[in-house]
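To keep things clear, I will list the structure first and then write my remarks on it.
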Amino acid sequence: MVNMAIFVSGGGTNCENIIKYFAGSDLARTALVVSNKASAGAVAKAERLGVPVKIVTKSALDDPDVILPVLRDYSVDFIVLAGFLLVIPGFLIDEYDHRMINLHPALLPKFGGIGMYGHHVHEAVKEAGETETGMTVHWVTREVDGGGIIAQFRTPLSPDDTPDDIAALEHELEMEHFPRVIENLLAERMI
């Protein structure tokens with residue numbers, strides 16, 4: 001059984017979706033939700049679903065003597081970043097090398113890097129006149145949004161789509177595909 005931690009900063013729709021998807025699974029379970037914001041919607045969702053939550057400040061995240069013991073206390077084997085807005089420190093990336101993935105709301109390598117998250121990404125996609133967008137699941141490395149791509153899913157765009165429309169279309173892909181990508185990745189690693 002793989003013990004996952006989900007790191008999240010926002011509303012937590014992906015977090016909730018992943019927790020529910022793996023409820024009762026023999027492969028993996030959500031052992032912990034980590035958020036840098038006590039007010040994040042994900043916190044209430046995780047608590048409602050019975051998953052322990054830890055609020056971790058940026059300074060705590062950046063301190064190996066704080067964050068690593070928290071992850072060890074919950075026997076975390078694998079980390080899923082699902083809308084986590086802090087940059088992961090190098091020591092944590094090294095500790096979870098090829099055991100930490102991120103969901104990015106665009107087709108990397110386009111529209112990635114520092115500052116490219118959430119609505120900023122969808123506005124950039126619109127401004128660039130893209131005819132499609134999508135989601136990317138990738139390994140977390142020291143280069144922000146630069147890790148190897150695990151999976152991508154696409155959706156067409158029309159010239160009339162607003163950034164909000166683009167966000168909604170991309171979010172549908174996340175809800176449909178992200179848990180299954182995690183499941184497939186973990187199943188491959190267990191073979």
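Letters for chains follow the order of the structure tokens (A, B, ...), residue numbers begin at 1 for each chain, and ligand numbers begin at 1 in the order shown.
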Counting only C-alpha atoms, what are the residues of region 128-190 of chain A within 8 Å of region 116-123 of chain A, and for each of them which pair of atoms is the nearest and at what distance in Å, to one decimal? Sort the table by chain and rising number, as a Markdown table.
| residue | atom | partner | partner_atom | distance |
| --- | --- | --- | --- | --- |
| A:Pro163 | CA | A:His122 | CA | 5.1 |
| A:Asp164 | CA | A:His122 | CA | 7.5 |
| A:Ile166 | CA | A:His122 | CA | 6.1 |
| A:Ala167 | CA | A:His122 | CA | 6.0 |
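With only C-alpha atoms taken into account, the protein and nucleic acid residues at most 7 Å from region 42-55 of chain A (excluding it and anything under 4 positions from it in its own chain) are Val8, Gly10, Gly11, Gly12, Cys15, Glu16, Thr30, Ala31, Leu32, Val33, Val34, Ser35, Asn36, Lys37 and Ala38 of chain A.
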For this session: Return the single residue from A:Leu108, A:Val56, A:Leu186, A:Val137 that is closest to Ala82 (chain A), with distances computed using only C-alpha atoms.
Result: A:Val137
For this session: Rank nothing, just name the residue among A:Glu172, A:Trp139, A:Ala106, A:Val80 nearest to Ala124 (chain A), using only C-alpha atoms.
Result: A:Ala106
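Our summary of the geometry notes that CA of Asp26 (chain A) is positioned 25.8 Å from CA of Thr136 (chain A).
Shell of region 143-148 of chain A at 10 Å, with only C-alpha atoms counted and residues fewer than 4 places along the chain excluded, is Val87, Ile88, Gly90, His98, Ile101, Asn102, Leu103, His104, Leu108, Pro109, Lys110, Phe111, Gly112, Gly113, Ile114, Gly115, Met116, Thr136, Val137, His138 and Trp139 of chain A.
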Same residues, N, CA and C atoms, output as a PDB file, in the first residue's frame:
ATOM      1  N   VAL A  87       7.089  26.875  -4.089  1.00  0.00           N
ATOM      2  CA  VAL A  87       8.143  26.132  -4.775  1.00  0.00           C
ATOM      3  C   VAL A  87       8.715  25.109  -3.789  1.00  0.00           C
ATOM      4  N   ILE A  88       8.812  23.878  -4.234  1.00  0.00           N
ATOM      5  CA  ILE A  88       9.308  22.790  -3.398  1.00  0.00           C
ATOM      6  C   ILE A  88      10.825  22.926  -3.245  1.00  0.00           C
ATOM      7  N   GLY A  90      14.786  22.018  -2.702  1.00  0.00           N
ATOM      8  CA  GLY A  90      15.617  20.981  -3.299  1.00  0.00           C
ATOM      9  C   GLY A  90      15.772  19.736  -2.448  1.00  0.00           C
ATOM     10  N   HIS A  98      11.652  11.052  -8.073  1.00  0.00           N
ATOM     11  CA  HIS A  98      10.759  10.174  -8.839  1.00  0.00           C
ATOM     12  C   HIS A  98       9.684   9.544  -7.959  1.00  0.00           C
ATOM     13  N   ILE A 101       4.975  14.102  -7.994  1.00  0.00           N
ATOM     14  CA  ILE A 101       4.459  14.562  -9.281  1.00  0.00           C
ATOM     15  C   ILE A 101       3.668  15.845  -9.089  1.00  0.00           C
ATOM     16  N   ASN A 102       3.520  16.560 -10.185  1.00  0.00           N
ATOM     17  CA  ASN A 102       2.765  17.812 -10.183  1.00  0.00           C
ATOM     18  C   ASN A 102       1.767  17.800 -11.336  1.00  0.00           C
ATOM     19  N   LEU A 103       0.648  18.452 -11.090  1.00  0.00           N
ATOM     20  CA  LEU A 103      -0.348  18.684 -12.131  1.00  0.00           C
ATOM     21  C   LEU A 103      -0.196  20.129 -12.584  1.00  0.00           C
ATOM     22  N   HIS A 104      -0.006  20.330 -13.895  1.00  0.00           N
ATOM     23  CA  HIS A 104       0.114  21.691 -14.437  1.00  0.00           C
ATOM     24  C   HIS A 104      -1.034  21.930 -15.413  1.00  0.00           C
ATOM     25  N   LEU A 108       2.674  21.538 -21.102  1.00  0.00           N
ATOM     26  CA  LEU A 108       4.095  21.866 -21.001  1.00  0.00           C
ATOM     27  C   LEU A 108       4.822  21.319 -22.225  1.00  0.00           C
ATOM     28  N   PRO A 109       5.880  21.959 -22.680  1.00  0.00           N
ATOM     29  CA  PRO A 109       6.636  22.983 -21.978  1.00  0.00           C
ATOM     30  C   PRO A 109       6.090  24.408 -22.114  1.00  0.00           C
ATOM     31  N   LYS A 110       4.993  24.586 -22.841  1.00  0.00           N
ATOM     32  CA  LYS A 110       4.419  25.926 -22.938  1.00  0.00           C
ATOM     33  C   LYS A 110       3.798  26.335 -21.605  1.00  0.00           C
ATOM     34  N   PHE A 111       3.886  27.600 -21.297  1.00  0.00           N
ATOM     35  CA  PHE A 111       3.171  28.215 -20.173  1.00  0.00           C
ATOM     36  C   PHE A 111       3.530  27.611 -18.822  1.00  0.00           C
ATOM     37  N   GLY A 112       4.816  27.330 -18.635  1.00  0.00           N
ATOM     38  CA  GLY A 112       5.292  26.803 -17.360  1.00  0.00           C
ATOM     39  C   GLY A 112       6.283  27.742 -16.712  1.00  0.00           C
ATOM     40  N   GLY A 113       6.716  27.390 -15.516  1.00  0.00           N
ATOM     41  CA  GLY A 113       7.736  28.148 -14.794  1.00  0.00           C
ATOM     42  C   GLY A 113       7.148  28.971 -13.665  1.00  0.00           C
ATOM     43  N   ILE A 114       8.023  29.704 -13.011  1.00  0.00           N
ATOM     44  CA  ILE A 114       7.635  30.525 -11.861  1.00  0.00           C
ATOM     45  C   ILE A 114       6.551  31.515 -12.281  1.00  0.00           C
ATOM     46  N   GLY A 115       5.521  31.606 -11.475  1.00  0.00           N
ATOM     47  CA  GLY A 115       4.427  32.548 -11.718  1.00  0.00           C
ATOM     48  C   GLY A 115       3.359  32.032 -12.668  1.00  0.00           C
ATOM     49  N   MET A 116       3.597  30.886 -13.268  1.00  0.00           N
ATOM     50  CA  MET A 116       2.617  30.325 -14.205  1.00  0.00           C
ATOM     51  C   MET A 116       1.785  29.263 -13.488  1.00  0.00           C
ATOM     52  N   THR A 136      -0.981  18.675 -17.872  1.00  0.00           N
ATOM     53  CA  THR A 136       0.254  17.900 -17.897  1.00  0.00           C
ATOM     54  C   THR A 136       0.525  17.386 -16.491  1.00  0.00           C
ATOM     55  N   VAL A 137       0.819  16.112 -16.387  1.00  0.00           N
ATOM     56  CA  VAL A 137       1.330  15.539 -15.145  1.00  0.00           C
ATOM     57  C   VAL A 137       2.808  15.275 -15.384  1.00  0.00           C
ATOM     58  N   HIS A 138       3.651  15.780 -14.470  1.00  0.00           N
ATOM     59  CA  HIS A 138       5.097  15.646 -14.667  1.00  0.00           C
ATOM     60  C   HIS A 138       5.801  15.387 -13.340  1.00  0.00           C
ATOM     61  N   TRP A 139       7.012  14.853 -13.460  1.00  0.00           N
ATOM     62  CA  TRP A 139       7.853  14.658 -12.285  1.00  0.00           C
ATOM     63  C   TRP A 139       8.297  16.012 -11.760  1.00  0.00           C
TER      64      TRP A 139
END
For this session: Identify, with DSSP run on backbone atoms, the residues in region 32-161 of chain A assigned to alpha helix (DSSP H), and express the list as a PyMOL selection string.
Result: chain A and resi 41-48+58-61+64-73+90-95+118-127
With C-alpha atoms retained, could you export that selection as a PDB file, in the first residue's frame?
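Writing the result to part.pdb gives the following:
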ATOM      1  CA  GLY A  41     -11.033  24.829   0.753  1.00  0.00           C
ATOM      2  CA  ALA A  42      -8.999  21.634   0.459  1.00  0.00           C
ATOM      3  CA  VAL A  43      -8.498  21.600   4.229  1.00  0.00           C
ATOM      4  CA  ALA A  44     -12.213  21.322   4.985  1.00  0.00           C
ATOM      5  CA  LYS A  45     -12.721  18.783   2.196  1.00  0.00           C
ATOM      6  CA  ALA A  46      -9.920  16.541   3.462  1.00  0.00           C
ATOM      7  CA  GLU A  47     -11.095  16.772   7.060  1.00  0.00           C
ATOM      8  CA  ARG A  48     -14.656  15.950   6.009  1.00  0.00           C
ATOM      9  CA  LYS A  58       6.774  28.426   3.784  1.00  0.00           C
ATOM     10  CA  SER A  59       9.480  28.493   6.454  1.00  0.00           C
ATOM     11  CA  ALA A  60       8.395  25.053   7.723  1.00  0.00           C
ATOM     12  CA  LEU A  61       8.367  23.675   4.167  1.00  0.00           C
ATOM     13  CA  PRO A  64      14.126  19.719   6.549  1.00  0.00           C
ATOM     14  CA  ASP A  65      13.945  19.351  10.334  1.00  0.00           C
ATOM     15  CA  VAL A  66      10.258  20.301  10.202  1.00  0.00           C
ATOM     16  CA  ILE A  67       8.739  18.902   7.001  1.00  0.00           C
ATOM     17  CA  LEU A  68      10.606  15.589   6.741  1.00  0.00           C
ATOM     18  CA  PRO A  69       9.533  14.371  10.218  1.00  0.00           C
ATOM     19  CA  VAL A  70       5.923  15.269   9.372  1.00  0.00           C
ATOM     20  CA  LEU A  71       6.077  13.145   6.220  1.00  0.00           C
ATOM     21  CA  ARG A  72       7.791  10.300   8.102  1.00  0.00           C
ATOM     22  CA  ASP A  73       5.130  10.407  10.851  1.00  0.00           C
ATOM     23  CA  GLY A  90      15.617  20.981  -3.299  1.00  0.00           C
ATOM     24  CA  PHE A  91      16.133  18.714  -0.282  1.00  0.00           C
ATOM     25  CA  LEU A  92      12.496  17.563  -0.492  1.00  0.00           C
ATOM     26  CA  ILE A  93      12.772  16.952  -4.239  1.00  0.00           C
ATOM     27  CA  ASP A  94      15.910  14.876  -3.601  1.00  0.00           C
ATOM     28  CA  GLU A  95      14.223  12.935  -0.780  1.00  0.00           C
ATOM     29  CA  GLY A 118      -3.991  28.891 -12.173  1.00  0.00           C
ATOM     30  CA  HIS A 119      -5.618  31.766 -13.992  1.00  0.00           C
ATOM     31  CA  HIS A 120      -2.239  33.190 -15.091  1.00  0.00           C
ATOM     32  CA  VAL A 121      -1.801  30.112 -17.267  1.00  0.00           C
ATOM     33  CA  HIS A 122      -5.278  30.310 -18.806  1.00  0.00           C
ATOM     34  CA  GLU A 123      -4.849  34.025 -19.565  1.00  0.00           C
ATOM     35  CA  ALA A 124      -1.509  33.285 -21.258  1.00  0.00           C
ATOM     36  CA  VAL A 125      -3.086  30.483 -23.320  1.00  0.00           C
ATOM     37  CA  LYS A 126      -5.827  32.906 -24.468  1.00  0.00           C
ATOM     38  CA  GLU A 127      -3.386  35.717 -25.202  1.00  0.00           C
TER      39      GLU A 127
END
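Note that CA of Gly83 (chain A) and CA of Thr131 (chain A) are 24.1 Å apart.
The gap separating CA of Leu81 (chain A) from CA of Thr13 (chain A) is 12.6 Å, in Å to one decimal.
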For this session: For Ile18 (chain A), list every protein, DNA or RNA residue within 9 Å, evaluated using only C-alpha atoms, and leave out those in the same chain fewer than 3 positions away; present the list as a ChimeraX atom specification.
Result: /A:6,13-15,21-23,30,175,178-180,182
